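S.K.: This is the content of query.tsv (TSV, C-alpha atoms):
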chain	number	residue	atom	x	y	z
A	1	MET	CA	0.21	19.81	16.38
A	2	ILE	CA	-0.95	17.45	13.69
A	3	ILE	CA	1.28	14.40	13.84
A	4	LEU	CA	1.06	12.08	10.87
A	5	VAL	CA	2.49	8.59	11.14
A	6	GLY	CA	2.69	7.23	7.63
A	7	GLY	CA	4.66	5.68	4.85
A	8	GLU	CA	4.43	3.32	1.94
A	9	LYS	CA	5.34	0.10	3.71
A	10	GLY	CA	2.91	-1.89	5.80
A	11	GLY	CA	4.01	-3.56	9.02
A	12	ALA	CA	6.58	-0.97	10.03
A	13	GLY	CA	4.68	-0.07	13.18
A	14	LYS	CA	2.59	2.95	12.23
A	15	SER	CA	-0.48	1.98	14.26
A	16	CYS	CA	1.63	0.99	17.25
A	17	LEU	CA	3.51	4.30	17.22
A	18	SER	CA	0.34	6.34	16.71
A	19	GLN	CA	-1.42	4.66	19.61
A	20	ASN	CA	1.49	4.92	22.02
A	21	LEU	CA	2.24	8.52	21.09
A	22	ALA	CA	-1.43	9.44	21.57
A	23	VAL	CA	-1.43	7.90	25.06
A	24	TYR	CA	1.87	9.57	25.93
A	25	LEU	CA	0.56	13.00	24.84
A	26	GLN	CA	-2.58	12.42	26.89
A	27	THR	CA	-0.48	11.61	29.97
A	28	LYS	CA	1.10	15.03	29.45
A	29	ASN	CA	-2.41	16.52	29.83
A	30	ARG	CA	-2.70	17.36	26.17
A	31	ASP	CA	-6.06	17.28	24.41
A	32	VAL	CA	-5.51	14.52	21.86
A	33	LEU	CA	-7.56	13.09	18.99
A	34	LEU	CA	-6.50	9.86	17.35
A	35	LEU	CA	-7.53	9.72	13.68
A	36	ASP	CA	-7.47	6.35	11.97
A	37	ALA	CA	-6.97	6.87	8.22
A	38	ASP	CA	-5.98	3.27	7.59
A	39	PRO	CA	-8.75	1.30	5.86
A	40	GLN	CA	-7.57	-1.78	7.80
A	41	GLY	CA	-8.91	-0.09	10.94
A	42	THR	CA	-6.22	-1.43	13.28
A	43	THR	CA	-6.31	1.67	15.47
A	44	THR	CA	-10.11	1.77	15.45
A	45	ASP	CA	-10.18	-1.83	16.72
A	46	TRP	CA	-7.64	-0.87	19.40
A	47	ILE	CA	-9.78	2.09	20.45
A	48	LYS	CA	-12.84	-0.17	20.73
A	49	GLU	CA	-10.95	-2.55	23.02
A	50	ARG	CA	-9.75	0.45	25.02
A	51	ASP	CA	-13.27	1.87	25.33
A	52	ASP	CA	-14.43	-1.47	26.76
A	53	ASN	CA	-11.85	-1.24	29.53
A	54	ASP	CA	-13.20	1.03	32.26
A	55	ASP	CA	-9.80	1.31	33.93
A	56	LEU	CA	-8.33	3.19	30.98
A	57	LYS	CA	-8.76	6.80	30.02
A	58	ASP	CA	-10.65	7.11	26.73
A	59	ILE	CA	-8.94	8.68	23.78
A	60	PRO	CA	-11.26	10.56	21.41
A	61	SER	CA	-10.97	8.98	17.99
A	62	VAL	CA	-12.40	9.18	14.52
A	63	GLN	CA	-12.04	7.05	11.41
A	64	ALA	CA	-11.71	8.75	8.03
A	65	SER	CA	-10.62	7.75	4.58
A	66	GLY	CA	-9.97	9.27	1.16
A	67	ASN	CA	-9.18	12.97	1.02
A	68	ILE	CA	-9.16	14.03	4.68
A	69	ARG	CA	-7.80	17.57	4.14
A	70	SER	CA	-11.10	19.30	4.90
A	71	VAL	CA	-11.76	16.95	7.85
A	72	LEU	CA	-8.39	17.88	9.34
A	73	LYS	CA	-8.92	21.59	8.69
A	74	ASP	CA	-12.13	21.32	10.68
A	75	LEU	CA	-10.63	19.28	13.51
A	76	GLN	CA	-7.35	21.15	13.95
A	77	GLY	CA	-8.98	23.99	15.85
A	78	ARG	CA	-10.78	21.65	18.21
A	79	TYR	CA	-7.87	19.59	19.55
A	80	GLN	CA	-4.44	20.47	20.82
A	81	ASP	CA	-2.94	17.46	19.05
A	82	ILE	CA	-4.19	15.16	16.33
A	83	VAL	CA	-2.33	11.91	15.80
A	84	ILE	CA	-3.04	10.33	12.41
A	85	ASP	CA	-2.46	6.67	11.69
A	86	ALA	CA	-2.20	6.48	7.91
A	87	GLY	CA	-2.22	3.14	6.11
A	88	GLY	CA	0.83	1.47	4.67
A	89	GLN	CA	0.59	2.71	1.12
A	90	ASP	CA	0.61	5.88	-0.90
A	91	SER	CA	-3.00	6.99	-0.68
A	92	GLU	CA	-5.26	10.01	-0.85
A	93	ALA	CA	-5.55	9.89	2.93
A	94	LEU	CA	-1.76	9.94	3.39
A	95	ARG	CA	-1.19	12.74	0.88
A	96	SER	CA	-4.07	14.88	2.06
A	97	ALA	CA	-2.82	14.55	5.65
A	98	MET	CA	0.65	15.59	4.46
A	99	THR	CA	-0.78	18.87	3.16
A	100	ILE	CA	-1.95	19.87	6.66
A	101	ALA	CA	0.28	18.01	9.16
A	102	THR	CA	2.87	19.85	11.22
A	103	HIS	CA	4.91	16.68	11.83
A	104	MET	CA	5.33	13.48	9.87
A	105	LEU	CA	6.94	10.38	11.27
A	106	LEU	CA	7.95	7.74	8.72
A	107	PRO	CA	8.64	4.35	10.29
A	108	PHE	CA	11.06	1.98	8.58
A	109	ARG	CA	12.29	-1.35	9.87
A	110	PRO	CA	16.00	-1.88	9.23
A	111	LYS	CA	15.12	-4.15	6.33
A	112	ARG	CA	15.72	-3.84	2.60
A	113	ARG	CA	12.04	-4.19	1.75
A	114	ASP	CA	11.17	-1.20	3.95
A	115	LEU	CA	14.09	0.99	2.92
A	116	LYS	CA	13.34	0.41	-0.76
A	117	THR	CA	10.31	2.66	-0.34
A	118	LEU	CA	12.57	5.62	0.57
A	119	ALA	CA	12.99	6.72	-3.05
A	120	HIS	CA	9.26	7.11	-3.55
A	121	MET	CA	8.70	8.72	-0.17
A	122	GLU	CA	11.44	11.25	-0.95
A	123	GLN	CA	9.53	12.29	-4.09
A	124	VAL	CA	6.19	12.44	-2.28
A	125	LEU	CA	7.72	14.52	0.52
A	126	LYS	CA	9.26	16.96	-1.96
A	127	LEU	CA	5.86	17.45	-3.59
A	128	ALA	CA	4.13	17.75	-0.22
A	129	LYS	CA	6.51	20.50	0.85
A	130	THR	CA	5.49	22.61	-2.15
A	131	VAL	CA	2.01	22.64	-0.59
A	132	ASN	CA	3.03	22.47	3.07
A	133	PRO	CA	6.58	23.91	3.41
A	134	ASP	CA	6.46	23.82	7.22
A	135	LEU	CA	6.01	20.05	7.41
A	136	ILE	CA	8.70	18.52	9.66
A	137	ALA	CA	9.37	14.98	8.46
A	138	ARG	CA	11.64	12.45	10.17
A	139	ALA	CA	12.23	8.76	9.76
A	140	ILE	CA	12.11	6.45	12.75
A	141	ILE	CA	13.82	3.09	12.64
A	142	THR	CA	11.46	0.60	14.24
A	143	GLN	CA	11.51	-2.98	15.49
A	144	CYS	CA	15.30	-2.86	15.69
A	145	PRO	CA	17.13	-5.99	16.80
A	146	THR	CA	18.48	-5.66	20.33
A	147	LEU	CA	21.63	-7.71	19.76
A	148	PRO	CA	24.76	-5.53	19.98
A	149	SER	CA	26.09	-7.24	16.85
A	150	GLN	CA	23.20	-5.72	14.87
A	151	VAL	CA	23.98	-2.07	15.70
A	152	GLN	CA	25.56	-1.51	12.30
A	153	ARG	CA	22.31	-2.55	10.66
A	154	ILE	CA	20.50	0.27	12.47
A	155	LEU	CA	23.21	2.79	11.58
A	156	ASP	CA	23.07	1.70	7.93
A	157	ALA	CA	19.29	2.14	7.90
A	158	LYS	CA	19.68	5.67	9.30
A	159	ASP	CA	22.32	6.44	6.67
A	160	ALA	CA	20.00	5.20	3.93
A	161	CYS	CA	17.25	7.53	5.20
A	162	LYS	CA	19.67	10.46	5.33
A	163	SER	CA	20.81	9.82	1.76
A	164	PHE	CA	17.22	10.41	0.64
A	165	GLY	CA	16.99	13.63	2.62
A	166	ILE	CA	14.78	12.10	5.32
A	167	ASN	CA	16.82	12.34	8.51
A	168	ALA	CA	16.17	9.63	11.05
A	169	LEU	CA	15.57	10.37	14.71
A	170	ASN	CA	18.24	9.26	17.15
A	171	ALA	CA	15.42	7.54	18.98
A	172	ILE	CA	14.47	4.06	17.79
A	173	THR	CA	12.07	1.35	18.78
A	174	THR	CA	13.29	-2.17	19.36
A	175	ASN	CA	11.67	-5.52	18.79
A	176	ARG	CA	9.80	-5.96	22.07
A	177	ASN	CA	6.87	-8.26	22.78
A	178	VAL	CA	5.24	-5.62	24.97
A	179	TYR	CA	4.28	-3.54	21.92
A	180	ASP	CA	2.26	-6.42	20.54
A	181	ASP	CA	0.92	-7.63	23.90
A	182	ALA	CA	-0.26	-4.16	24.93
A	183	ASP	CA	-1.89	-3.56	21.56
A	184	GLU	CA	-4.01	-6.68	21.91
A	185	ASN	CA	-5.71	-5.45	25.06
A	186	GLY	CA	-6.31	-1.86	24.00
A	187	LEU	CA	-3.42	-0.82	26.20
A	188	SER	CA	-0.30	1.17	25.54
A	189	VAL	CA	3.20	0.45	26.77
A	190	PHE	CA	2.56	3.08	29.47
A	191	GLU	CA	-0.22	0.96	30.96
A	192	VAL	CA	1.72	-2.28	31.39
A	193	ASP	CA	4.53	-2.65	33.86
A	194	SER	CA	6.44	-5.47	32.24
A	195	ASP	CA	8.80	-3.44	30.07
A	196	LEU	CA	10.22	-0.09	31.15
A	197	LYS	CA	12.46	0.15	28.09
A	198	ALA	CA	9.51	0.34	25.70
A	199	LYS	CA	8.12	3.29	27.67
A	200	ALA	CA	11.48	5.00	27.42
A	201	GLU	CA	11.55	4.44	23.65
A	202	ILE	CA	8.21	6.19	23.11
A	203	LYS	CA	9.16	9.00	25.49
A	204	ASN	CA	12.42	9.50	23.61
A	205	ILE	CA	10.55	9.79	20.30
A	206	ALA	CA	8.13	12.35	21.73
A	207	ASN	CA	10.94	14.31	23.40
A	208	GLU	CA	13.17	14.40	20.34
A	209	PHE	CA	10.54	14.84	17.64
A	210	LEU	CA	7.84	16.87	19.36
A	211	GLY	CA	9.75	18.47	22.23
A	212	ILE	CA	7.27	17.01	24.74
B	1	MET	CA	-36.11	24.39	-1.49
B	2	ALA	CA	-38.75	24.22	-4.28
B	3	GLY	CA	-36.33	22.63	-6.70
B	4	LEU	CA	-33.81	25.46	-6.43
B	5	ASN	CA	-30.92	23.52	-4.98
B	6	GLY	CA	-27.35	24.21	-6.10
B	7	LEU	CA	-27.91	27.78	-7.31
B	8	LYS	CA	-25.79	29.51	-4.67
B	9	LYS	CA	-22.51	31.06	-5.74
B	10	LYS	CA	-19.80	28.37	-5.69
B	11	VAL	CA	-16.96	28.87	-3.23
B	12	GLU	CA	-13.82	29.44	-5.28
B	13	ILE	CA	-10.95	27.07	-4.58
B	14	SER	CA	-7.81	28.89	-3.47
B	15	PRO	CA	-4.57	28.37	-5.45
B	16	GLU	CA	-3.15	26.62	-2.35
B	17	ASP	CA	-6.08	24.18	-2.28
B	18	GLN	CA	-5.76	23.59	-6.03
B	19	LEU	CA	-2.08	22.71	-5.57
B	20	ALA	CA	-3.00	20.38	-2.71
B	21	GLU	CA	-5.65	18.63	-4.82
B	22	VAL	CA	-3.13	17.96	-7.60
B	23	PHE	CA	-0.70	16.50	-5.07
B	24	ILE	CA	-3.38	14.37	-3.38
B	25	SER	CA	-4.66	12.93	-6.66
B	26	GLY	CA	-1.12	11.71	-7.45
B	27	ALA	CA	-1.62	8.81	-5.02
B	28	GLU	CA	-3.99	7.10	-7.42
B	29	LYS	CA	-1.34	7.07	-10.17
B	30	ARG	CA	1.17	5.52	-7.79
B	31	ILE	CA	-1.26	2.78	-6.73
B	32	ARG	CA	-2.02	2.04	-10.39
B	33	ALA	CA	1.71	1.85	-11.13
B	34	LEU	CA	2.18	-0.72	-8.37
B	35	GLU	CA	-0.70	-2.92	-9.52
B	36	THR	CA	0.22	-6.12	-11.29
B	37	LYS	CA	-0.13	-5.56	-14.97
B	38	GLU	CA	-2.40	-8.03	-16.67
B	39	LYS	CA	-1.48	-7.34	-20.26
B	40	LYS	CA	-2.43	-9.91	-22.82
B	41	PHE	CA	0.03	-10.48	-25.59
B	42	VAL	CA	-0.94	-11.43	-29.12
B	43	ARG	CA	1.47	-13.39	-31.26
B	44	CYS	CA	1.73	-11.74	-34.69
B	45	THR	CA	3.65	-12.74	-37.76
B	46	PHE	CA	5.27	-10.22	-40.03
B	47	SER	CA	8.33	-10.29	-42.26
B	48	LEU	CA	11.54	-8.37	-41.75
B	49	ASN	CA	14.61	-8.43	-43.91
B	50	ASP	CA	17.97	-9.37	-42.35
B	51	GLU	CA	19.04	-5.76	-42.09
B	52	VAL	CA	16.03	-4.75	-39.99
B	53	SER	CA	16.30	-7.89	-37.90
B	54	GLN	CA	19.96	-7.05	-37.13
B	55	LEU	CA	19.00	-3.47	-36.39
B	56	ILE	CA	16.64	-4.68	-33.65
B	57	ASP	CA	19.48	-6.65	-32.07
B	58	GLU	CA	21.79	-3.64	-32.26
B	59	LEU	CA	19.18	-1.45	-30.59
B	60	ILE	CA	18.89	-4.01	-27.77
B	61	VAL	CA	22.65	-3.72	-27.17
B	62	LYS	CA	22.63	0.08	-27.38
B	63	SER	CA	19.71	0.42	-24.95
B	64	GLN	CA	21.83	-1.17	-22.18
B	65	ASN	CA	18.75	-2.40	-20.35
B	66	ALA	CA	18.66	-5.98	-19.11
B	67	ARG	CA	14.89	-6.20	-19.47
B	68	VAL	CA	14.65	-5.20	-23.11
B	69	ASN	CA	13.89	-7.81	-25.79
B	70	ARG	CA	13.14	-7.80	-29.52
B	71	SER	CA	9.41	-7.38	-28.94
B	72	SER	CA	9.94	-4.39	-26.68
B	73	ILE	CA	12.15	-2.66	-29.29
B	74	VAL	CA	9.38	-3.06	-31.87
B	75	ARG	CA	6.80	-1.82	-29.35
B	76	ILE	CA	8.88	1.22	-28.38
B	77	ALA	CA	9.51	2.10	-32.04
B	78	LEU	CA	5.80	1.87	-32.77
B	79	GLU	CA	4.87	3.97	-29.73
B	80	ASN	CA	7.38	6.60	-30.83
B	81	LEU	CA	5.88	6.65	-34.30
B	82	ALA	CA	2.39	6.85	-32.86
B	83	SER	CA	3.37	9.89	-30.79
B	84	LYS	CA	4.00	11.92	-33.98
B	85	SER	CA	1.35	14.08	-35.59
B	86	PRO	CA	-0.57	12.63	-38.57
B	87	GLU	CA	1.43	14.89	-40.92
B	88	GLU	CA	4.75	13.71	-39.51
B	89	ILE	CA	3.70	10.05	-39.71
B	90	LYS	CA	2.70	10.54	-43.33
B	91	GLU	CA	6.05	12.18	-44.10
B	92	ILE	CA	8.12	9.48	-42.35
B	93	VAL	CA	6.24	6.60	-43.98
B	94	ASN	CA	6.42	8.18	-47.42
B	95	GLN	CA	10.18	8.71	-47.01
B	96	GLN	CA	10.65	5.01	-46.24
B	97	LEU	CA	8.25	3.75	-48.88
B	98	PRO	CA	8.82	5.73	-52.05
Would you put the structure from the file into structure tokens?
M.R.:
Amino acid sequence: MIILVGGEKGGAGKSCLSQNLAVYLQTKNRDVLLLDADPQGTTTDWIKERDDNDDLKDIPSVQASGNIRSVLKDLQGRYQDIVIDAGGQDSEALRSAMTIATHMLLPFRPKRRDLKTLAHMEQVLKLAKTVNPDLIARAIITQCPTLPSQVQRILDAKDACKSFGINALNAITTNRNVYDDADENGLSVFEVDSDLKAKAEIKNIANEFLGI
Amino acid sequence: MAGLNGLKKKVEISPEDQLAEVFISGAEKRIRALETKEKKFVRCTFSLNDEVSQLIDELIVKSQNARVNRSSIVRIALENLASKSPEEIKEIVNQQLP
């Protein structure tokens, strides 16, 4: 599988999801490569911190930018899964990955500024599917508030996604400190014991979206 | 290579790859569209009669766009004229200025 985590809005949690999904897939004994296509290099920095920690299992990674279609074509035969962290804007890297990916996860926070990018992503996805008709694309609502009074906000965000033809997963991620704390030490939520709910959130995404 | 680089038969790009390249290159247009425009405006003076001046105001109302102003109507009209062929421009101008 080639799993692309991308979208047009920065800060929605693309790097965080990519990293945690990569670790989760590795715990399932899958041969995973993490490809950082974000010029900001957030995932590459995370990998460096991870490599420095001898207690953690290394995740093979590579950084690439621009048109990565040929890079992905070359790599897809060498790994069982490739997780791509694409930067938070429409870019050559994002589009070229969309032409090859099997799965695309589009994170949106339940905020107007994030959901406003749906219209453009709908157009980009339509074009991508003319090149890659098998691409399975789903939205994921991220950093959701945990207050019960805010449930409607999450449902509205999912409805907005659906109206643009990008169905949202039932699974969500919530606003939990563990995502940020783990990231800082090159860890994933699976390697800290403080928050079991965050682990369950990532597992739910992988189960629902990837069937793993 | 004795100066004979680049003479091998080029690998032809498949129609699928060509389609992909067109799609991928679209990102650049989007990024350009999102960039802050730094247009410089020049203040010009030219004379209009009342009829043409009123026509500009009418076109603003008909366009039903909150962002349109008198300058943009003039600009749009000029861009439309400029999109015509030289023969058409000649014909239109000569019709208006006998």
S.K.: Between atom CA of A:Lys111 and atom CA of A:Phe164, what is the spacing in Å?
M.R.: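 Atom CA of A:Lys111 lies 15.8 Å from atom CA of A:Phe164.
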S.K.: Using all atoms listed in the file, find each residue in chain B having at least one atom no more than 9 Å away from chain A; report its shortest atom-to-atom pair and that distance in Å (one decimal), rows by chain then rising number, as JSON lines.
M.R.:
{"residue": "B:Glu16", "atom": "CA", "partner": "A:Val131", "partner_atom": "CA", "distance": 6.8}
{"residue": "B:Asp17", "atom": "CA", "partner": "A:Val131", "partner_atom": "CA", "distance": 8.4}
{"residue": "B:Leu19", "atom": "CA", "partner": "A:Val131", "partner_atom": "CA", "distance": 6.4}
{"residue": "B:Ala20", "atom": "CA", "partner": "A:Val131", "partner_atom": "CA", "distance": 5.9}
{"residue": "B:Glu21", "atom": "CA", "partner": "A:Ser96", "partner_atom": "CA", "distance": 8.0}
{"residue": "B:Phe23", "atom": "CA", "partner": "A:Leu127", "partner_atom": "CA", "distance": 6.8}
{"residue": "B:Ile24", "atom": "CA", "partner": "A:Arg95", "partner_atom": "CA", "distance": 5.1}
{"residue": "B:Ser25", "atom": "CA", "partner": "A:Glu92", "partner_atom": "CA", "distance": 6.5}
{"residue": "B:Gly26", "atom": "CA", "partner": "A:Glu92", "partner_atom": "CA", "distance": 8.0}
{"residue": "B:Ala27", "atom": "CA", "partner": "A:Ser91", "partner_atom": "CA", "distance": 4.9}
{"residue": "B:Glu28", "atom": "CA", "partner": "A:Ser91", "partner_atom": "CA", "distance": 6.8}
{"residue": "B:Arg30", "atom": "CA", "partner": "A:Asp90", "partner_atom": "CA", "distance": 6.9}
{"residue": "B:Ile31", "atom": "CA", "partner": "A:Asp90", "partner_atom": "CA", "distance": 6.9}
S.K.: Can you tell me which residues surround stretch 41-56 of chain A at a distance of at most 9 Å, considering only C-alpha atoms, apart from same-chain residues fewer than 3 positions away, and format the answer as a list of chain:residue names?
M.R.: A:Ser15, A:Cys16, A:Ser18, A:Gln19, A:Leu34, A:Leu35, A:Asp36, A:Ala37, A:Asp38, A:Ile59, A:Pro60, A:Ser61, A:Val62, A:Gln63, A:Asp85, A:Gly87, A:Asp183, A:Glu184, A:Asn185, A:Gly186, A:Leu187, A:Glu191
S.K.: Could the residues in this selection be written to a file with C-alpha atoms, as an mmCIF file, in the frame of the given file?
M.R.:
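As a result, out-v6.cif now contains:
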data_model
loop_
_atom_site.group_PDB
_atom_site.id
_atom_site.type_symbol
_atom_site.label_atom_id
_atom_site.label_comp_id
_atom_site.auth_asym_id
_atom_site.auth_seq_id
_atom_site.Cartn_x
_atom_site.Cartn_y
_atom_site.Cartn_z
ATOM 1 C CA SER A 15 -0.480 1.980 14.260
ATOM 2 C CA CYS A 16 1.630 0.990 17.250
ATOM 3 C CA SER A 18 0.340 6.340 16.710
ATOM 4 C CA GLN A 19 -1.420 4.660 19.610
ATOM 5 C CA LEU A 34 -6.500 9.860 17.350
ATOM 6 C CA LEU A 35 -7.530 9.720 13.680
ATOM 7 C CA ASP A 36 -7.470 6.350 11.970
ATOM 8 C CA ALA A 37 -6.970 6.870 8.220
ATOM 9 C CA ASP A 38 -5.980 3.270 7.590
ATOM 10 C CA ILE A 59 -8.940 8.680 23.780
ATOM 11 C CA PRO A 60 -11.260 10.560 21.410
ATOM 12 C CA SER A 61 -10.970 8.980 17.990
ATOM 13 C CA VAL A 62 -12.400 9.180 14.520
ATOM 14 C CA GLN A 63 -12.040 7.050 11.410
ATOM 15 C CA ASP A 85 -2.460 6.670 11.690
ATOM 16 C CA GLY A 87 -2.220 3.140 6.110
ATOM 17 C CA ASP A 183 -1.890 -3.560 21.560
ATOM 18 C CA GLU A 184 -4.010 -6.680 21.910
ATOM 19 C CA ASN A 185 -5.710 -5.450 25.060
ATOM 20 C CA GLY A 186 -6.310 -1.860 24.000
ATOM 21 C CA LEU A 187 -3.420 -0.820 26.200
ATOM 22 C CA GLU A 191 -0.220 0.960 30.960
#
S.K.: Please define a box with edges along x, y and z of the file around all atoms of stretch 187-206 of chain A given in the file, extend it by 6 Å on each side, and return its centre and edge lengths in Å to one decimal, as lines of an AutoDock Vina configuration file.
M.R.:
center_x = 4.5
center_y = 3.4
center_z = 27.1
size_x = 27.9
size_y = 29.8
size_z = 25.6
S.K.: Any idea what the distance is between atom CA of A:Leu115 and atom CA of A:Tyr179?
M.R.: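 Those two atoms sit 21.9 Å apart.
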S.K.: What is the atom CA of A:Leu17-atom CA of A:Leu155 distance in Å, reported with one decimal?
M.R.: 20.5 Å
S.K.: Go through B:Val68, B:Val22, B:Asn80, B:Arg75 one by one, measure the shortest atom-to-atom distance of each to B:Ile92 using only C-alpha atoms, and give the residue with the smallest value.
M.R.: B:Asn80
S.K.: Residues near stretch 46-56 of chain B, anyone? I mean within 9 Å using all atoms listed in the file, not counting same-chain ones fewer than 5 positions away, as a ChimeraX atom specification.
M.R.: /B:61,69-70,73-74
